[in-house]
Amino acid sequence: MKNIEYKGLTFLFTVDNGFSFDARLNIRFKAGIVKNIGKELSAMGIKNVLIVTDPGVLKVKLHENLVTTLNQENIKFEVFSEVEPNPRDTTCEKAAEFAKELNVDAVIGIGGGSSLDTAKCVGFLMTNPGRVKDYDGSGKVKNEPIPIIAIPTTAGTGSEVTANAAITDTEKHIKMSVRSPKIIPHLAVLDPELLKTLPQHIAAFSAMDALIHAIESFLSRRATAFSDYFNLKAIELLSKYIRPFYAEPSNTEAAGNMLIGSMLAGLGISNTGTGNAHALGRVLGGSYDMAHGLACSVVFPYVLKFNAMAQPQKFVEIARAMDLKTEGLNEKEIGQKVVREIYELLRELNIPVKLSELNVTKESFNDMVKVAITNVAPNPRKTTEVDLVSILEEAF
Ligand SMILES: [Fe+2]
C-alpha cells in the first residue's frame with residue numbers, strides 16, 4: 001500500500017483507500033462579524049429575506065445586529081420566530097409558506113441547531129414541492145435551494161456546515177433526517193459575541209454535543225484521513241476551551257475557539273455519521289423530551305468504554321489531542337484514561353452521568369433500543385440490541 005505522509009499528524013493518507021468529502025465552505029469568523037454581514041448579502045444579490053429563529057433569541061435580542069445591518073443595506077426582511085426544540089415538520093412547512101408569501105430570495109437561520117435546521121428546510125421547500133417528510137433520507141432534494149445563511153448562537157451542532165436537518169415527524173413521532181449536500185448553508189457566519197448570553201447549562205449541553213461529534217466522527221467506520229484531520233483539531237480545541245467557555249460564555253476567545261471546534265466537528269459528522277451515543281441519544285431525546293446534548297452526554301462515557309477495544313490506536317490519538325498525560329501507559333490504559341476524562345468533564349460541567357438522575361425508566365430500554373439499533377452502522381464496534389441494553393443499564 002502506498003502512503004502519503006501528512007506532516008504533523010500520525011495518521012496517513014492512503015492512496016489505495018482514498019476518500020470522498022462533501023463541503024460548501026463559505027465561513028466568516030470574527031467577534032462582531034454579524035454587524036457587517038449585510039454588505040456581503042447585498043453583494044450576493046439578496047434583497048428580501050426571511051429570518052428564522054426561536055423565541056429565546058428574540059427575547060435577548062440576539063438578532064439585533066443582524067436587523068441593523070440588513071436595514072443599512074436596504075434588505076427587506078421578516079422574522080419567523082416559532083422554532084421549537086426538536087423542530088417539527090409542521091413548523092418548517094409553516095415557515096416555508098410564509099417565505100413563499102413574501103417571495104424571499106434567501107433565508108437566514110439564527111439560533112441553535114433547531115433554527116438552523118428549520119432554515120435549511122425553508123431553503124429547499126422554496127424550490128422543491130411537497131412536505132419535509134418527502135425528503136427524509138439521503139439525496140432526495142433535487143433542486144438547488146434558495147441561499148441559506150446560518151448564524152449559530154451556540155457552539156454545538158455544527159449545523160452551519162452540515163448536509164443534514166434533523167426534523168420531528170409529527171405524525172409518526174420520530175426524528176427524520178433530511179440529508180443532501182444541497183442543503184449545506186451557502187454562508188456560515190461565526191460570531192463569538194452571539195454566545196455571550198448563553199445560559200450555562202445550554203453552553204454545557206451544546207459544547208458536549210460538539211465534542212461528542214468530533215470523537216464519534218473520528219472513531220466512525222466511515223472516517224477517512226481527511227475527516228480525521230478536522231476531527232482531531234476539533235477534539236483539541238473543544239477539550240481545551242470547554243471549561244473556560246462553560247465558566248464564562250462571554251469569554252470571546254473561548255467562545256470563538258468553541259465555535260471553530262463545533263464547526264470542524266460538523267464537517268466531520270456530515271461526512272462520517274455518528275456512533276452509538278447519538279443512536280441512543282436521539283431516541284432518549286425523543287422519548288423523554290431531553291435536550292439533545294444532554295441525551296448524548298449521559299450515555300457517552302459508557303459508549304466510549306464499549307468502543308475502546310475496537311480502535312485502541314485512535315484512543316491514543318484522542319488522548320494526545322486532549323493533552324492527557326499518557327507516559328508509561330499502554331493502549332488499553334490510555335483508552336480507560338480517555339473514558340475517565342470524559343466522565344470527569346461531565347461532572348465538572350454539572351451534566352448528569354446517570355439515566356436514573358433523569359427519570360428514565362428501565363422498562364423503556366427495550367423499546368428504545370429497537371429504534372437505536374437502526375442507527376449504529378457508523379459505530380466502530382459491532383453493536384447488537386443486547387449491547388445497547390447493556391450500555392443503557394450501565395448508564396442507569
Ligand atoms: Fe449531536
# chains A, B, ... in the order shown; residues from 1 in each chain; ligands from 1

call {"tool": "residues_around", "arguments": {"residues": "range 157-166 of chain A", "least_positions_apart": "3", "cutoff": "6 Å", "atoms": "only C-alpha atoms", "output": "MDAnalysis selection string"}}
result
chainID A and resid 113 117 150 176:181 183:184 188 262:263 266 270

call {"tool": "write_last_selection", "arguments": {"atoms": "all heavy atoms", "output": "CSV table (one decimal), in the first residue's frame"}}
result
chain,number,residue,atom,x,y,z
A,113,GLY,N,-29.1,24.7,16.8
A,113,GLY,CA,-29.3,23.8,15.7
A,113,GLY,C,-30.7,23.7,15.2
A,113,GLY,O,-30.9,23.6,14.0
A,117,ASP,N,-31.6,24.2,11.3
A,117,ASP,CA,-32.2,23.1,10.6
A,117,ASP,C,-33.5,23.5,9.9
A,117,ASP,O,-33.9,23.1,8.8
A,117,ASP,CB,-32.4,21.9,11.5
A,117,ASP,CG,-31.0,21.1,11.7
A,117,ASP,OD1,-30.0,21.6,11.2
A,117,ASP,OD2,-31.0,20.1,12.5
A,150,ALA,N,-26.4,30.7,7.7
A,150,ALA,CA,-26.6,30.1,9.0
A,150,ALA,C,-25.7,30.9,10.0
A,150,ALA,O,-24.5,31.1,9.8
A,150,ALA,CB,-26.1,28.6,9.0
A,176,MET,N,-36.8,12.7,11.8
A,176,MET,CA,-36.3,12.4,10.4
A,176,MET,C,-35.0,13.1,10.2
A,176,MET,O,-34.6,14.0,11.0
A,176,MET,CB,-37.3,13.0,9.4
A,176,MET,CG,-38.7,12.5,9.5
A,176,MET,SD,-39.8,13.3,8.3
A,176,MET,CE,-40.1,14.9,9.0
A,177,SER,N,-34.3,12.6,9.2
A,177,SER,CA,-33.0,13.3,8.8
A,177,SER,C,-33.0,13.5,7.3
A,177,SER,O,-32.9,12.6,6.5
A,177,SER,CB,-31.9,12.4,9.2
A,177,SER,OG,-30.7,13.0,8.9
A,178,VAL,N,-33.1,14.8,7.0
A,178,VAL,CA,-33.0,15.2,5.5
A,178,VAL,C,-31.5,15.3,5.3
A,178,VAL,O,-30.9,16.2,5.9
A,178,VAL,CB,-33.8,16.5,5.2
A,178,VAL,CG1,-33.6,16.9,3.8
A,178,VAL,CG2,-35.2,16.4,5.6
A,179,ARG,N,-31.0,14.5,4.4
A,179,ARG,CA,-29.5,14.6,4.1
A,179,ARG,C,-29.3,14.8,2.6
A,179,ARG,O,-29.7,14.1,1.7
A,179,ARG,CB,-28.8,13.3,4.5
A,179,ARG,CG,-28.9,13.1,6.0
A,179,ARG,CD,-28.0,11.9,6.4
A,179,ARG,NE,-28.4,10.7,5.8
A,179,ARG,CZ,-29.4,9.9,6.3
A,179,ARG,NH1,-30.1,10.2,7.4
A,179,ARG,NH2,-29.8,8.8,5.7
A,180,SER,N,-28.6,16.0,2.3
A,180,SER,CA,-28.2,16.3,0.9
A,180,SER,C,-27.2,17.4,1.0
A,180,SER,O,-27.3,18.4,1.7
A,180,SER,CB,-29.5,16.8,0.2
A,180,SER,OG,-29.0,17.5,-1.0
A,181,PRO,N,-26.1,17.2,0.2
A,181,PRO,CA,-25.1,18.3,0.1
A,181,PRO,C,-25.7,19.6,-0.3
A,181,PRO,O,-25.2,20.7,0.0
A,181,PRO,CB,-24.1,17.8,-0.9
A,181,PRO,CG,-24.3,16.4,-1.0
A,181,PRO,CD,-25.7,16.1,-0.6
A,183,ILE,N,-28.3,21.1,0.9
A,183,ILE,CA,-28.8,21.9,2.0
A,183,ILE,C,-27.7,22.4,2.9
A,183,ILE,O,-27.9,23.0,4.0
A,183,ILE,CB,-29.9,21.2,2.8
A,183,ILE,CG1,-29.4,20.0,3.6
A,183,ILE,CG2,-31.1,20.9,1.9
A,183,ILE,CD1,-30.5,19.5,4.6
A,184,ILE,N,-26.4,22.2,2.5
A,184,ILE,CA,-25.3,22.8,3.3
A,184,ILE,C,-25.5,24.3,3.1
A,184,ILE,O,-25.6,24.8,2.0
A,184,ILE,CB,-23.9,22.3,2.8
A,184,ILE,CG1,-23.8,20.8,2.9
A,184,ILE,CG2,-22.8,23.1,3.6
A,184,ILE,CD1,-22.5,20.3,2.3
A,188,ALA,N,-21.8,30.5,6.3
A,188,ALA,CA,-21.8,30.3,7.8
A,188,ALA,C,-21.1,31.5,8.4
A,188,ALA,O,-20.0,31.9,8.1
A,188,ALA,CB,-21.1,29.0,8.1
A,262,SER,N,-16.7,23.3,17.0
A,262,SER,CA,-18.0,22.7,16.7
A,262,SER,C,-18.2,22.7,15.2
A,262,SER,O,-18.8,21.8,14.6
A,262,SER,CB,-19.2,23.4,17.4
A,262,SER,OG,-19.2,24.7,17.2
A,263,MET,N,-17.7,23.7,14.5
A,263,MET,CA,-17.9,23.8,13.0
A,263,MET,C,-17.0,22.6,12.4
A,263,MET,O,-17.5,21.9,11.5
A,263,MET,CB,-17.4,25.2,12.5
A,263,MET,CG,-17.5,25.4,11.0
A,263,MET,SD,-16.0,25.0,10.2
A,263,MET,CE,-14.9,26.3,10.9
A,266,GLY,N,-18.7,19.5,12.9
A,266,GLY,CA,-19.8,19.4,12.0
A,266,GLY,C,-19.4,18.9,10.6
A,266,GLY,O,-20.1,18.0,10.0
A,270,SER,N,-20.9,15.3,9.2
A,270,SER,CA,-21.6,15.5,7.9
A,270,SER,C,-21.1,14.4,6.9
A,270,SER,O,-21.8,14.0,6.0
A,270,SER,CB,-21.4,16.9,7.4
A,270,SER,OG,-22.4,17.2,6.4

call {"tool": "residues_near_ligand", "arguments": {"ligand": "ligand 1", "cutoff": "10 Å", "atoms": "only C-alpha atoms and all ligand atoms", "output": "ChimeraX atom specification"}}
result
/A:113,156-159,166,205-214,216,265-266,269,274,277-279,281-282,292-297

call {"tool": "closest_residue", "arguments": {"among": "A:Val338, A:Ile146, A:Val141, A:Leu194", "to": "Ser250 in chain A", "atoms": "only C-alpha atoms"}}
result
A:Leu194

call {"tool": "select_by_dssp", "arguments": {"residues": "range 61-307 of chain A", "states": "helix (DSSP H, G or I)", "output": "PyMOL selection string"}}
result
chain A and resi 64-72+89-102+113-125+132-135+181-183+192-195+200-219+225-247+252-272+276-288+292-307

call {"tool": "closest_residue", "arguments": {"among": "A:Gly111, A:Phe19, A:Phe29, A:Lys35", "to": "Ile51 in chain A", "atoms": "only C-alpha atoms"}}
result
A:Gly111

call {"tool": "residues_around", "arguments": {"residues": "range 90-96 of chain A", "least_positions_apart": "5", "cutoff": "12 Å", "atoms": "only C-alpha atoms", "output": "MDAnalysis selection string"}}
result
chainID A and resid 49:54 78:85 101:104 106:109 114:134 145:146 165:171

call {"tool": "residues_around", "arguments": {"residues": "Asn48 in chain A", "least_positions_apart": "3", "cutoff": "6 Å", "atoms": "only C-alpha atoms", "output": "list in words"}}
result
Ile75, Lys76, Phe77, Val104 and Asp105 of chain A

call {"tool": "atom_distance", "arguments": {"atom1": "CA of Asn330 in chain A", "atom2": "CA of Phe226 in chain A"}}
result
26.8 Å

call {"tool": "atom_distance", "arguments": {"atom1": "CA of Val353 in chain A", "atom2": "CA of Leu392 in chain A"}}
result
11.3 Å

call {"tool": "residues_around", "arguments": {"residues": "Thr361 in chain A", "least_positions_apart": "2", "cutoff": "12 Å", "atoms": "only C-alpha atoms", "output": "list in words"}}
result
Leu284, Ser287, Tyr288, Lys354, Leu355, Ser356, Glu357, Leu358, Asn359, Glu363, Ser364, Phe365, Asn366, Asp367, Met368, Leu392, Glu393, Ala395 and Phe396 of chain A

call {"tool": "write_last_selection", "arguments": {"atoms": "N, CA and C atoms", "output": "compact mmCIF listing (two decimals), in the first residue's frame"}}
result
# COMPACT_ATOMS: atom_id res chain seq x y z
N LEU A 284 -33.43 8.68 23.20
CA LEU A 284 -33.67 9.20 24.56
C LEU A 284 -34.28 10.60 24.51
N SER A 287 -37.89 10.25 23.38
CA SER A 287 -38.78 9.56 24.33
C SER A 287 -39.00 10.37 25.60
N TYR A 288 -37.99 11.13 26.01
CA TYR A 288 -38.09 11.82 27.30
C TYR A 288 -38.00 13.34 27.16
N LYS A 354 -25.89 9.70 34.96
CA LYS A 354 -26.73 8.52 35.22
C LYS A 354 -28.15 8.77 34.71
N LEU A 355 -28.69 7.81 33.97
CA LEU A 355 -30.06 7.95 33.46
C LEU A 355 -31.07 8.03 34.61
N SER A 356 -30.73 7.38 35.73
CA SER A 356 -31.66 7.41 36.87
C SER A 356 -31.83 8.82 37.43
N GLU A 357 -30.84 9.70 37.17
CA GLU A 357 -30.98 11.09 37.62
C GLU A 357 -31.93 11.87 36.71
N LEU A 358 -32.32 11.26 35.58
CA LEU A 358 -33.14 11.97 34.58
C LEU A 358 -34.53 11.36 34.44
N ASN A 359 -34.94 10.58 35.43
CA ASN A 359 -36.27 9.98 35.44
C ASN A 359 -36.53 9.03 34.27
N GLU A 363 -37.89 0.13 32.09
CA GLU A 363 -38.93 -0.51 31.27
C GLU A 363 -38.91 0.01 29.83
N SER A 364 -38.36 1.21 29.64
CA SER A 364 -38.37 1.78 28.28
C SER A 364 -37.19 1.31 27.44
N PHE A 365 -36.22 0.60 28.06
CA PHE A 365 -34.97 0.26 27.34
C PHE A 365 -35.24 -0.56 26.07
N ASN A 366 -36.06 -1.61 26.20
CA ASN A 366 -36.25 -2.49 25.05
C ASN A 366 -36.85 -1.78 23.84
N ASP A 367 -37.84 -0.91 24.11
CA ASP A 367 -38.44 -0.16 23.00
C ASP A 367 -37.43 0.81 22.39
N MET A 368 -36.64 1.44 23.26
CA MET A 368 -35.70 2.44 22.74
C MET A 368 -34.61 1.79 21.88
N LEU A 392 -27.15 0.95 28.25
CA LEU A 392 -28.16 1.73 28.99
C LEU A 392 -28.20 1.31 30.46
N GLU A 393 -28.04 0.00 30.71
CA GLU A 393 -28.06 -0.47 32.11
C GLU A 393 -26.87 0.08 32.88
N ALA A 395 -25.42 2.83 32.21
CA ALA A 395 -25.64 4.29 32.35
C ALA A 395 -26.75 4.61 33.35
N PHE A 396 -27.46 3.57 33.78
CA PHE A 396 -28.65 3.83 34.62
C PHE A 396 -28.26 4.30 36.02

call {"tool": "select_by_dssp", "arguments": {"residues": "range 165-351 of chain A", "states": "strand (DSSP E or B)", "output": "VMD selection string"}}
result
chain A and resid 165 to 169 174 to 179 187 to 190

call {"tool": "residues_around", "arguments": {"residues": "Ala377 in chain A", "least_positions_apart": "5", "cutoff": "9 Å", "atoms": "only C-alpha atoms", "output": "VMD selection string"}}
result
chain A and resid 220 to 221 273 to 276 382 to 383

call {"tool": "write_last_selection", "arguments": {"atoms": "C-alpha atoms", "output": "PDB file, in the first residue's frame"}}
result
ATOM      1  CA  SER A 220     -16.606   6.210  12.859  1.00  0.00           C
ATOM      2  CA  ARG A 221     -16.262   3.274  10.457  1.00  0.00           C
ATOM      3  CA  GLY A 273     -22.155   9.909  10.569  1.00  0.00           C
ATOM      4  CA  THR A 274     -22.127   9.463  14.347  1.00  0.00           C
ATOM      5  CA  GLY A 275     -21.874   6.490  16.718  1.00  0.00           C
ATOM      6  CA  ASN A 276     -23.833   4.817  19.470  1.00  0.00           C
ATOM      7  CA  LYS A 382     -20.277  -4.105  16.030  1.00  0.00           C
ATOM      8  CA  THR A 383     -23.378  -3.493  18.124  1.00  0.00           C
TER       9      THR A 383
END

call {"tool": "residues_around", "arguments": {"residues": "Lys172 in chain A", "least_positions_apart": "6", "cutoff": "12 Å", "atoms": "only C-alpha atoms", "output": "PyMOL selection string"}}
result
chain A and resi 88-89+133+286

call {"tool": "closest_residue", "arguments": {"among": "A:Glu333, A:Ile27, A:Thr14, A:Asn74", "to": "Lys39 in chain A", "atoms": "only C-alpha atoms"}}
result
A:Asn74
